[in-house]
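Asks: Take this structure, written in structure tokens, and hold onto it; I'll ask about it next.
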Amino acid sequence: MTTSQLDVDRAAALLRGSADVLILSHVRPDADTLGSALALGRVLRRRGATVRVSYSGGSALPDSLRSLDPGGLFVPEDQLPAETAQLVTVDVASAARLGALADRVESTRAAGGEVLVIDHHASNPGFGTLNLIDTDAEATVVLVLKVLDALGEELDAVTAGCLYAGLVTDTAMFRLAKPGTHRMAVRLLEAGVDPAALTREVVDERPFAALAMLGSVLAAARFEPDAAQGHGLVHTAVTADLAATVRYEEVEGVIDVVRTVGEAGVAIVLKEVAGPSPEWTVSLRSAGRLDVSAVAVSLGGGGHKLAAGCTLTGTADEAMEQLRAALEKAPLL
């Protein structure tokens with residue numbers, strides 16, 4: 001699914017007259033979803049709108065991303081007003097990915113308000129009243145910049161930094177970036193982004209406790225050379241007790257280490273959700289041989305061909321059995 005300039009112009013037209021906007025990121029937010037939300041929010045506030053940025057499940061922004069919000073756009077979910085005239089979701093593949101705030105989609109629509117969905121996930125069903133979805137975009141920030149351009153807005157250094165944070169992370173440090181995306185990066189650098197400082201804060205820095213967690217998780221990793229249709233599977237799990245010792249950014253980052261195993265066509269990390277019954281959020285990565293988005297969709301999740309996720313219940317072994325079976329049916333790339 002690709003977008004057109006007409007789609008971008010329609011999104012810009014909707015936002016041009018915005019007076020009261022709630023911009024939502026997905027649960028357990030990363031740099032793309034929050035970078036998109038904060039960049040868009042900064043510009044809309046500058047244009048005179050009342051803007052709130054939020055996500056479900058957190059009382060503050062993740063430590064690694066707090067510098068992206070010097071203007072204080074973030075509002076915890078329990079402090080949001082009951083209604084807003086306009087809702088925008090960014091990098092949210094489905095309404096369910098909004099967590100406890102998912103009902104805001106239907107309540108906004110029921111009240112006659114507009115719901116703008118800006119996203120780049122192939123599994124997105126288009127749950128807004130207006131959908132700007134482009135699966136060819138490497139990151140949602142790419143689409144947000146197109147909307148800002150359509151609004152005729154200039155980039156300041158902080159807004160450019162929000163966009164750069166999403167770009168550098170969702171392209172795997174530009175390894176997956178297309179020529180146009182590199183040109184976008186040049187624009188952001190010219191607007192004042194310090195790439196070394198921003199990348200160090202968003203990607204590289206971690207607390208000392210993360211090393212112990214990572215050591216335990218990697219020691220438990222397993223490699224199955226015959227799995228994933230013979231392309232090889234590497235997997236491990238982060239238990240709830242280990243996850244409790246670090247920030248969730250460190251837990252989310254485990255997959256970036258596990259996927260570096262050269263012999264494996266697919267990498268999986270199970271992350272236990274603390275609660276009365278066993279539940280796991282699953283990160284899947286493909287080395288380019290299998291479509292892991294098909295695996296995720298078949299198990300109730302979604303994502304991209306090379307990076308996807310889902311949520312499974314049961315023990316870790318039971319979750320892995322479901323994933324192995326789904327991988328045997330995954331389309332080849």
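Starting from 1 in every chain, residues are counted up; chains themselves are A, B, ... following the order of the structure tokens, and ligands are numbered from 1 as listed.
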Can you list, as a ChimeraX atom specification, every protein, DNA or RNA residue that comes within 12 Å of Leu290 (chain A) when you count only C-alpha atoms, leaving out same-chain residues fewer than 2 positions away?

Replies: /A:227-233,264-267,284-288,292-296,304-308,326-333

Asks: Skipping near chain neighbours, those fewer than 6 positions away, what residues fall within 10 Å of region 26-31 of chain A using only C-alpha atoms, listed as a PyMOL selection string?

Replies: chain A and resi 37+54-58+61-62+64-65+68+89-102+139+141+162-170+202-203+248-249+252

Asks: Need to verify the contact set: Ala319 (chain A), 10 Å, only C-alpha atoms, exclusion of same-chain residues closer than 4 positions in sequence. Can you return it as number ranges by chain?

Replies: A: 270, 278-282, 311-315, 323-324

Asks: Looking only at strand (DSSP E) from DSSP on the backbone, list the matching residues of region 243-329 of chain A as a list in words.

Replies: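 Here is the list: Val266, Ala267, Ile268, Val269, Leu270, Lys271, Glu272, Glu279, Trp280, Thr281, Val282, Ser283, Leu284, Arg285, Ser286, Gly302, Gly303, Ala307, Ala308, Gly309, Cys310, Thr311, Leu312 and Thr313 of chain A.
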
Asks: Limited to N, CA and C atoms, could you put the picked residues into a file as a PDB file, in the first residue's frame?

Replies:
ATOM      1  N   VAL A 266      15.742 -16.233  11.091  1.00  0.00           N
ATOM      2  CA  VAL A 266      14.714 -15.593  11.911  1.00  0.00           C
ATOM      3  C   VAL A 266      15.192 -15.520  13.354  1.00  0.00           C
ATOM      4  N   ALA A 267      14.915 -14.391  14.006  1.00  0.00           N
ATOM      5  CA  ALA A 267      15.212 -14.212  15.425  1.00  0.00           C
ATOM      6  C   ALA A 267      13.922 -13.886  16.157  1.00  0.00           C
ATOM      7  N   ILE A 268      13.770 -14.452  17.348  1.00  0.00           N
ATOM      8  CA  ILE A 268      12.567 -14.229  18.159  1.00  0.00           C
ATOM      9  C   ILE A 268      12.976 -13.952  19.603  1.00  0.00           C
ATOM     10  N   VAL A 269      12.339 -12.962  20.199  1.00  0.00           N
ATOM     11  CA  VAL A 269      12.491 -12.720  21.634  1.00  0.00           C
ATOM     12  C   VAL A 269      11.103 -12.690  22.251  1.00  0.00           C
ATOM     13  N   LEU A 270      10.894 -13.540  23.255  1.00  0.00           N
ATOM     14  CA  LEU A 270       9.668 -13.525  24.038  1.00  0.00           C
ATOM     15  C   LEU A 270       9.888 -12.635  25.253  1.00  0.00           C
ATOM     16  N   LYS A 271       8.927 -11.756  25.538  1.00  0.00           N
ATOM     17  CA  LYS A 271       9.039 -10.858  26.691  1.00  0.00           C
ATOM     18  C   LYS A 271       7.824 -11.073  27.585  1.00  0.00           C
ATOM     19  N   GLU A 272       8.061 -11.565  28.783  1.00  0.00           N
ATOM     20  CA  GLU A 272       6.962 -11.927  29.668  1.00  0.00           C
ATOM     21  C   GLU A 272       6.260 -10.688  30.212  1.00  0.00           C
ATOM     22  N   GLU A 279       1.786 -14.667  29.829  1.00  0.00           N
ATOM     23  CA  GLU A 279       1.542 -13.927  28.591  1.00  0.00           C
ATOM     24  C   GLU A 279       2.865 -13.365  28.114  1.00  0.00           C
ATOM     25  N   TRP A 280       3.044 -13.346  26.806  1.00  0.00           N
ATOM     26  CA  TRP A 280       4.314 -12.920  26.227  1.00  0.00           C
ATOM     27  C   TRP A 280       4.070 -11.977  25.044  1.00  0.00           C
ATOM     28  N   THR A 281       4.776 -10.862  25.028  1.00  0.00           N
ATOM     29  CA  THR A 281       4.833 -10.077  23.798  1.00  0.00           C
ATOM     30  C   THR A 281       6.031 -10.604  23.010  1.00  0.00           C
ATOM     31  N   VAL A 282       5.860 -10.707  21.713  1.00  0.00           N
ATOM     32  CA  VAL A 282       6.835 -11.390  20.863  1.00  0.00           C
ATOM     33  C   VAL A 282       7.401 -10.425  19.829  1.00  0.00           C
ATOM     34  N   SER A 283       8.721 -10.368  19.741  1.00  0.00           N
ATOM     35  CA  SER A 283       9.396  -9.620  18.679  1.00  0.00           C
ATOM     36  C   SER A 283       9.981 -10.618  17.693  1.00  0.00           C
ATOM     37  N   LEU A 284       9.668 -10.430  16.402  1.00  0.00           N
ATOM     38  CA  LEU A 284      10.201 -11.286  15.341  1.00  0.00           C
ATOM     39  C   LEU A 284      11.006 -10.443  14.371  1.00  0.00           C
ATOM     40  N   ARG A 285      12.151 -10.971  13.940  1.00  0.00           N
ATOM     41  CA  ARG A 285      12.966 -10.312  12.931  1.00  0.00           C
ATOM     42  C   ARG A 285      13.394 -11.329  11.886  1.00  0.00           C
ATOM     43  N   SER A 286      13.359 -10.904  10.634  1.00  0.00           N
ATOM     44  CA  SER A 286      13.781 -11.756   9.529  1.00  0.00           C
ATOM     45  C   SER A 286      15.061 -11.214   8.920  1.00  0.00           C
ATOM     46  N   GLY A 302       0.956  -8.147  13.985  1.00  0.00           N
ATOM     47  CA  GLY A 302       1.167  -7.458  12.718  1.00  0.00           C
ATOM     48  C   GLY A 302       2.569  -6.921  12.630  1.00  0.00           C
ATOM     49  N   GLY A 303       2.808  -6.127  11.590  1.00  0.00           N
ATOM     50  CA  GLY A 303       4.131  -5.535  11.424  1.00  0.00           C
ATOM     51  C   GLY A 303       4.576  -5.517   9.986  1.00  0.00           C
ATOM     52  N   ALA A 307      10.202  -7.227  10.233  1.00  0.00           N
ATOM     53  CA  ALA A 307      10.089  -6.944  11.663  1.00  0.00           C
ATOM     54  C   ALA A 307       8.629  -6.915  12.053  1.00  0.00           C
ATOM     55  N   ALA A 308       8.232  -7.766  12.976  1.00  0.00           N
ATOM     56  CA  ALA A 308       6.830  -7.870  13.340  1.00  0.00           C
ATOM     57  C   ALA A 308       6.700  -8.307  14.793  1.00  0.00           C
ATOM     58  N   GLY A 309       5.468  -8.371  15.271  1.00  0.00           N
ATOM     59  CA  GLY A 309       5.250  -8.769  16.652  1.00  0.00           C
ATOM     60  C   GLY A 309       3.830  -9.237  16.900  1.00  0.00           C
ATOM     61  N   CYS A 310       3.636  -9.892  18.031  1.00  0.00           N
ATOM     62  CA  CYS A 310       2.317 -10.365  18.432  1.00  0.00           C
ATOM     63  C   CYS A 310       2.341 -10.619  19.933  1.00  0.00           C
ATOM     64  N   THR A 311       1.210 -11.030  20.483  1.00  0.00           N
ATOM     65  CA  THR A 311       1.102 -11.377  21.897  1.00  0.00           C
ATOM     66  C   THR A 311       0.532 -12.780  22.008  1.00  0.00           C
ATOM     67  N   LEU A 312       1.172 -13.617  22.816  1.00  0.00           N
ATOM     68  CA  LEU A 312       0.754 -15.000  22.986  1.00  0.00           C
ATOM     69  C   LEU A 312       0.591 -15.333  24.460  1.00  0.00           C
ATOM     70  N   THR A 313      -0.289 -16.278  24.753  1.00  0.00           N
ATOM     71  CA  THR A 313      -0.489 -16.738  26.119  1.00  0.00           C
ATOM     72  C   THR A 313       0.056 -18.157  26.268  1.00  0.00           C
TER      73      THR A 313
END

Asks: Which is closest to Asp20 (chain A) among A:Ala122, A:Ala39, A:Leu6, A:Ala85, if we use only C-alpha atoms?

Replies: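 Under the stated criterion, the closest residue is A:Ala85.
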
Asks: Can you list, as a list in words, all residues belonging to region 180-213 of chain A that DSSP tags as helix (DSSP H, G or I)?

Replies: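 DSSP on the backbone gives helix (DSSP H, G or I) at Gly180, Thr181, His182, Arg183, Met184, Ala185, Val186, Arg187, Leu188, Leu189, Glu190, Pro195, Ala196, Ala197, Leu198, Thr199, Arg200, Glu201, Val202, Val203, Asp204, Ala209, Ala210, Leu211, Ala212 and Met213 of chain A.
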
Asks: Please list as a PyMOL selection string every residue within 10 Å of Phe74 (chain A), counting only C-alpha atoms and excluding residues in the same chain fewer than 6 positions away.

Replies: chain A and resi 23-24+34+37-38+41+51-55+59-61+66

Asks: Those selected residues, please, written with N, CA and C atoms and delivered as a PDB file, in the first residue's frame.

Replies:
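Below is the file out.pdb, written as the result:
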ATOM      1  N   ILE A  23      -2.757  13.377  20.126  1.00  0.00           N
ATOM      2  CA  ILE A  23      -1.909  12.537  19.286  1.00  0.00           C
ATOM      3  C   ILE A  23      -1.465  11.338  20.117  1.00  0.00           C
ATOM      4  N   LEU A  24      -1.790  10.153  19.658  1.00  0.00           N
ATOM      5  CA  LEU A  24      -1.505   8.944  20.419  1.00  0.00           C
ATOM      6  C   LEU A  24      -0.429   8.086  19.755  1.00  0.00           C
ATOM      7  N   LEU A  34       6.943   7.976  18.987  1.00  0.00           N
ATOM      8  CA  LEU A  34       7.001   9.203  19.777  1.00  0.00           C
ATOM      9  C   LEU A  34       7.660  10.342  19.002  1.00  0.00           C
ATOM     10  N   ALA A  37       4.891  11.651  16.858  1.00  0.00           N
ATOM     11  CA  ALA A  37       3.883  12.370  17.641  1.00  0.00           C
ATOM     12  C   ALA A  37       4.393  13.732  18.090  1.00  0.00           C
ATOM     13  N   LEU A  38       5.625  13.771  18.581  1.00  0.00           N
ATOM     14  CA  LEU A  38       6.159  15.022  19.111  1.00  0.00           C
ATOM     15  C   LEU A  38       6.488  16.019  18.006  1.00  0.00           C
ATOM     16  N   GLY A  41       3.140  17.277  16.889  1.00  0.00           N
ATOM     17  CA  GLY A  41       2.562  18.077  17.966  1.00  0.00           C
ATOM     18  C   GLY A  41       3.211  19.433  18.103  1.00  0.00           C
ATOM     19  N   VAL A  51      -2.527  20.947  21.987  1.00  0.00           N
ATOM     20  CA  VAL A  51      -2.030  19.626  21.596  1.00  0.00           C
ATOM     21  C   VAL A  51      -1.615  18.828  22.827  1.00  0.00           C
ATOM     22  N   ARG A  52      -2.016  17.574  22.845  1.00  0.00           N
ATOM     23  CA  ARG A  52      -1.571  16.638  23.874  1.00  0.00           C
ATOM     24  C   ARG A  52      -1.040  15.393  23.187  1.00  0.00           C
ATOM     25  N   VAL A  53       0.105  14.904  23.657  1.00  0.00           N
ATOM     26  CA  VAL A  53       0.688  13.653  23.165  1.00  0.00           C
ATOM     27  C   VAL A  53       0.645  12.651  24.300  1.00  0.00           C
ATOM     28  N   SER A  54       0.209  11.433  24.023  1.00  0.00           N
ATOM     29  CA  SER A  54       0.105  10.453  25.100  1.00  0.00           C
ATOM     30  C   SER A  54       0.241   9.039  24.551  1.00  0.00           C
ATOM     31  N   TYR A  55       0.313   8.091  25.475  1.00  0.00           N
ATOM     32  CA  TYR A  55       0.266   6.668  25.145  1.00  0.00           C
ATOM     33  C   TYR A  55      -0.200   5.921  26.381  1.00  0.00           C
ATOM     34  N   SER A  59       3.477   6.711  32.778  1.00  0.00           N
ATOM     35  CA  SER A  59       3.211   8.008  33.401  1.00  0.00           C
ATOM     36  C   SER A  59       4.195   9.071  32.931  1.00  0.00           C
ATOM     37  N   ALA A  60       5.184   8.664  32.150  1.00  0.00           N
ATOM     38  CA  ALA A  60       6.181   9.600  31.616  1.00  0.00           C
ATOM     39  C   ALA A  60       6.745   9.027  30.329  1.00  0.00           C
ATOM     40  N   LEU A  61       7.460   9.863  29.599  1.00  0.00           N
ATOM     41  CA  LEU A  61       8.140   9.373  28.405  1.00  0.00           C
ATOM     42  C   LEU A  61       9.284   8.445  28.811  1.00  0.00           C
ATOM     43  N   ARG A  66      13.135  11.347  26.420  1.00  0.00           N
ATOM     44  CA  ARG A  66      12.607  12.537  27.089  1.00  0.00           C
ATOM     45  C   ARG A  66      13.159  13.836  26.509  1.00  0.00           C
TER      46      ARG A  66
END

Asks: At what distance in Å, to one decimal, does CA of Thr236 (chain A) lie from CA of Ala219 (chain A)?

Replies: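 Interatomic distance, CA of Ala219 (chain A) to CA of Thr236 (chain A): 8.7 Å.
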
Asks: Report, in Å with one decimal, the straight-line distance from CA of Pro276 (chain A) to CA of Ala244 (chain A).

Replies: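 Interatomic distance here is 15.7 Å.
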
Asks: Mind giving me the straight-line distance from CA of Asp69 (chain A) to CA of Thr108 (chain A) in Å, one decimal?

Replies: 25.5 Å

Asks: Which residues, written as a PyMOL selection string, have at least one atom at most 8 Å from region 175-181 of chain A, with only C-alpha atoms counted and residues fewer than 3 positions away on the same chain left out?

Replies: chain A and resi 138+142+171-172+184-185

Asks: Please save N, CA, C and O atoms of the selected residues as a JSON list (two decimals), in the first residue's frame.

Replies:
[["chain", "number", "residue", "atom", "x", "y", "z"],
["A", 138, "GLU", "N", 9.92, 3.72, 5.20],
["A", 138, "GLU", "CA", 10.70, 2.96, 6.17],
["A", 138, "GLU", "C", 10.32, 3.28, 7.61],
["A", 138, "GLU", "O", 10.56, 2.49, 8.51],
["A", 142, "VAL", "N", 8.77, 9.54, 8.20],
["A", 142, "VAL", "CA", 8.87, 9.92, 6.78],
["A", 142, "VAL", "C", 7.56, 10.54, 6.33],
["A", 142, "VAL", "O", 7.54, 11.57, 5.64],
["A", 171, "THR", "N", 15.20, 2.44, 10.59],
["A", 171, "THR", "CA", 15.98, 1.98, 9.44],
["A", 171, "THR", "C", 17.19, 1.16, 9.87],
["A", 171, "THR", "O", 18.07, 0.89, 9.06],
["A", 172, "ALA", "N", 17.21, 0.74, 11.17],
["A", 172, "ALA", "CA", 18.36, 0.00, 11.68],
["A", 172, "ALA", "C", 19.66, 0.74, 11.41],
["A", 172, "ALA", "O", 20.58, 0.22, 10.80],
["A", 184, "MET", "N", 16.38, 12.72, 3.16],
["A", 184, "MET", "CA", 15.63, 13.27, 4.29],
["A", 184, "MET", "C", 16.55, 13.51, 5.48],
["A", 184, "MET", "O", 16.47, 14.54, 6.16],
["A", 185, "ALA", "N", 17.44, 12.57, 5.73],
["A", 185, "ALA", "CA", 18.39, 12.73, 6.83],
["A", 185, "ALA", "C", 19.25, 13.96, 6.65],
["A", 185, "ALA", "O", 19.55, 14.69, 7.62]]

Asks: Name the residues in contact with region 111-120 of chain A at a cut-off of 6 Å, using only C-alpha atoms, excluding same-chain residues fewer than 3 positions from it; report them as a list of chain:residue names.

Replies: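 Surrounding residues, per the criterion: A:Ala85, A:Gln86, A:Leu87, A:Val88, A:Thr89, A:Val90, A:Asp91, A:Thr108, A:Gly128, A:Thr129, A:Leu130, A:Asn131, A:Leu132, A:Ile133, A:Asp134, A:Thr135, A:Ala137, A:Thr140.
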
Asks: Could those selected residues go to a file with all heavy atoms, as a compact mmCIF listing (two decimals), in the first residue's frame?

Replies:
# COMPACT_ATOMS: atom_id res chain seq x y z
N ALA A 85 -11.54 17.10 20.09
CA ALA A 85 -12.22 17.24 18.81
C ALA A 85 -11.57 16.39 17.72
O ALA A 85 -12.24 15.97 16.78
CB ALA A 85 -12.23 18.71 18.39
N GLN A 86 -10.30 16.14 17.88
CA GLN A 86 -9.57 15.46 16.80
C GLN A 86 -8.55 14.50 17.40
O GLN A 86 -7.88 14.81 18.37
CB GLN A 86 -8.87 16.50 15.94
CG GLN A 86 -8.38 16.01 14.59
CD GLN A 86 -7.88 17.18 13.77
OE1 GLN A 86 -6.77 17.65 13.96
NE2 GLN A 86 -8.70 17.66 12.87
N LEU A 87 -8.47 13.32 16.81
CA LEU A 87 -7.54 12.30 17.26
C LEU A 87 -6.60 11.94 16.12
O LEU A 87 -7.04 11.74 14.98
CB LEU A 87 -8.29 11.05 17.72
CG LEU A 87 -7.46 9.83 18.12
CD1 LEU A 87 -6.63 10.14 19.37
CD2 LEU A 87 -8.36 8.63 18.38
N VAL A 88 -5.30 11.86 16.41
CA VAL A 88 -4.31 11.42 15.44
C VAL A 88 -3.54 10.26 16.05
O VAL A 88 -3.08 10.36 17.21
CB VAL A 88 -3.33 12.55 15.06
CG1 VAL A 88 -2.32 12.05 14.01
CG2 VAL A 88 -4.07 13.77 14.54
N THR A 89 -3.40 9.17 15.33
CA THR A 89 -2.54 8.08 15.78
C THR A 89 -1.35 7.99 14.84
O THR A 89 -1.50 8.15 13.62
CB THR A 89 -3.28 6.72 15.82
OG1 THR A 89 -3.55 6.27 14.49
CG2 THR A 89 -4.57 6.83 16.60
N VAL A 90 -0.17 7.75 15.38
CA VAL A 90 1.05 7.69 14.58
C VAL A 90 1.80 6.40 14.87
O VAL A 90 2.06 6.05 16.02
CB VAL A 90 1.96 8.91 14.86
CG1 VAL A 90 1.43 10.16 14.19
CG2 VAL A 90 2.12 9.16 16.36
N ASP A 91 2.11 5.67 13.79
CA ASP A 91 2.85 4.41 13.90
C ASP A 91 2.07 3.36 14.69
O ASP A 91 2.64 2.50 15.33
CB ASP A 91 4.23 4.64 14.53
CG ASP A 91 5.20 3.50 14.26
OD1 ASP A 91 5.28 3.08 13.09
OD2 ASP A 91 5.88 3.05 15.20
N THR A 108 -14.30 9.15 19.59
CA THR A 108 -14.09 10.34 18.76
C THR A 108 -14.96 10.30 17.52
O THR A 108 -15.59 11.30 17.15
CB THR A 108 -12.61 10.46 18.36
OG1 THR A 108 -11.79 10.54 19.54
CG2 THR A 108 -12.37 11.70 17.50
N GLY A 128 -9.11 4.74 10.74
CA GLY A 128 -9.46 6.14 10.93
C GLY A 128 -10.54 6.62 9.98
O GLY A 128 -10.97 5.90 9.08
N THR A 129 -10.99 7.86 10.19
CA THR A 129 -11.87 8.49 9.22
C THR A 129 -11.06 8.96 8.02
O THR A 129 -11.58 9.12 6.92
CB THR A 129 -12.61 9.69 9.83
OG1 THR A 129 -11.65 10.63 10.35
CG2 THR A 129 -13.51 9.25 10.97
N LEU A 130 -9.75 9.16 8.24
CA LEU A 130 -8.81 9.46 7.17
C LEU A 130 -7.52 8.70 7.46
O LEU A 130 -7.00 8.76 8.58
CB LEU A 130 -8.52 10.97 7.09
CG LEU A 130 -7.53 11.43 6.01
CD1 LEU A 130 -8.06 11.07 4.62
CD2 LEU A 130 -7.30 12.94 6.10
N ASN A 131 -7.04 7.96 6.46
CA ASN A 131 -5.88 7.10 6.67
C ASN A 131 -4.75 7.46 5.72
O ASN A 131 -4.94 7.46 4.51
CB ASN A 131 -6.28 5.63 6.46
CG ASN A 131 -7.37 5.19 7.41
OD1 ASN A 131 -7.14 5.00 8.59
ND2 ASN A 131 -8.58 5.03 6.88
N LEU A 132 -3.61 7.79 6.30
CA LEU A 132 -2.40 8.06 5.52
C LEU A 132 -1.44 6.92 5.83
O LEU A 132 -0.70 6.95 6.82
CB LEU A 132 -1.80 9.42 5.92
CG LEU A 132 -0.50 9.83 5.21
CD1 LEU A 132 -0.69 9.89 3.71
CD2 LEU A 132 0.00 11.16 5.75
N ILE A 133 -1.50 5.89 5.01
CA ILE A 133 -0.73 4.66 5.25
C ILE A 133 0.12 4.37 4.03
O ILE A 133 -0.40 4.30 2.91
CB ILE A 133 -1.66 3.46 5.54
CG1 ILE A 133 -2.55 3.75 6.76
CG2 ILE A 133 -0.84 2.19 5.76
CD1 ILE A 133 -3.64 2.71 6.97
N ASP A 134 1.41 4.22 4.25
CA ASP A 134 2.34 3.94 3.15
C ASP A 134 3.33 2.88 3.61
O ASP A 134 4.23 3.15 4.40
CB ASP A 134 3.08 5.22 2.74
CG ASP A 134 3.90 5.03 1.47
OD1 ASP A 134 4.12 3.87 1.08
OD2 ASP A 134 4.33 6.04 0.89
N THR A 135 3.15 1.67 3.11
CA THR A 135 4.02 0.57 3.53
C THR A 135 5.40 0.65 2.90
O THR A 135 6.30 -0.09 3.28
CB THR A 135 3.36 -0.78 3.19
OG1 THR A 135 3.11 -0.84 1.78
CG2 THR A 135 2.05 -0.93 3.93
N ALA A 137 7.15 3.38 3.10
CA ALA A 137 7.91 4.28 3.97
C ALA A 137 8.63 3.47 5.02
O ALA A 137 8.04 2.61 5.68
CB ALA A 137 6.97 5.29 4.63
N THR A 140 7.38 5.92 10.12
CA THR A 140 6.25 6.84 10.11
C THR A 140 6.71 8.28 10.07
O THR A 140 6.01 9.15 9.53
CB THR A 140 5.35 6.57 11.33
OG1 THR A 140 4.83 5.23 11.25
CG2 THR A 140 4.17 7.53 11.38

Asks: Near Ala220 (chain A), within 12 Å and counting only C-alpha atoms, which residues show up once chain neighbours fewer than 4 positions away are dropped, as a PDB file with N, CA and C atoms, in the first residue's frame?

Replies:
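Full text of around_30.pdb as output:
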ATOM      1  N   MET A 213      21.093  -8.109  32.867  1.00  0.00           N
ATOM      2  CA  MET A 213      19.893  -8.658  32.240  1.00  0.00           C
ATOM      3  C   MET A 213      20.236  -9.283  30.903  1.00  0.00           C
ATOM      4  N   LEU A 214      20.980  -8.545  30.087  1.00  0.00           N
ATOM      5  CA  LEU A 214      21.318  -9.026  28.757  1.00  0.00           C
ATOM      6  C   LEU A 214      22.164 -10.299  28.835  1.00  0.00           C
ATOM      7  N   GLY A 215      23.080 -10.348  29.788  1.00  0.00           N
ATOM      8  CA  GLY A 215      23.904 -11.538  29.949  1.00  0.00           C
ATOM      9  C   GLY A 215      23.078 -12.771  30.253  1.00  0.00           C
ATOM     10  N   SER A 216      22.099 -12.631  31.151  1.00  0.00           N
ATOM     11  CA  SER A 216      21.245 -13.760  31.508  1.00  0.00           C
ATOM     12  C   SER A 216      20.387 -14.215  30.337  1.00  0.00           C
ATOM     13  N   VAL A 234      16.886 -18.456  15.887  1.00  0.00           N
ATOM     14  CA  VAL A 234      17.499 -18.182  17.180  1.00  0.00           C
ATOM     15  C   VAL A 234      16.445 -17.514  18.046  1.00  0.00           C
ATOM     16  N   HIS A 235      16.353 -17.918  19.306  1.00  0.00           N
ATOM     17  CA  HIS A 235      15.320 -17.356  20.171  1.00  0.00           C
ATOM     18  C   HIS A 235      15.755 -17.367  21.631  1.00  0.00           C
ATOM     19  N   THR A 236      15.150 -16.485  22.391  1.00  0.00           N
ATOM     20  CA  THR A 236      15.363 -16.427  23.829  1.00  0.00           C
ATOM     21  C   THR A 236      14.158 -15.755  24.455  1.00  0.00           C
ATOM     22  N   ALA A 237      14.170 -15.659  25.787  1.00  0.00           N
ATOM     23  CA  ALA A 237      13.034 -15.072  26.495  1.00  0.00           C
ATOM     24  C   ALA A 237      13.536 -14.158  27.607  1.00  0.00           C
ATOM     25  N   VAL A 238      12.802 -13.080  27.821  1.00  0.00           N
ATOM     26  CA  VAL A 238      13.058 -12.175  28.942  1.00  0.00           C
ATOM     27  C   VAL A 238      11.932 -12.382  29.940  1.00  0.00           C
ATOM     28  N   THR A 239      12.239 -12.983  31.065  1.00  0.00           N
ATOM     29  CA  THR A 239      11.213 -13.242  32.070  1.00  0.00           C
ATOM     30  C   THR A 239      10.824 -11.946  32.778  1.00  0.00           C
ATOM     31  N   VAL A 258      19.980 -10.210  19.464  1.00  0.00           N
ATOM     32  CA  VAL A 258      19.722 -11.597  19.069  1.00  0.00           C
ATOM     33  C   VAL A 258      19.690 -11.740  17.545  1.00  0.00           C
ATOM     34  N   VAL A 269      12.339 -12.962  20.199  1.00  0.00           N
ATOM     35  CA  VAL A 269      12.491 -12.720  21.634  1.00  0.00           C
ATOM     36  C   VAL A 269      11.103 -12.690  22.251  1.00  0.00           C
ATOM     37  N   LEU A 270      10.894 -13.540  23.255  1.00  0.00           N
ATOM     38  CA  LEU A 270       9.668 -13.525  24.038  1.00  0.00           C
ATOM     39  C   LEU A 270       9.888 -12.635  25.253  1.00  0.00           C
TER      40      LEU A 270
END
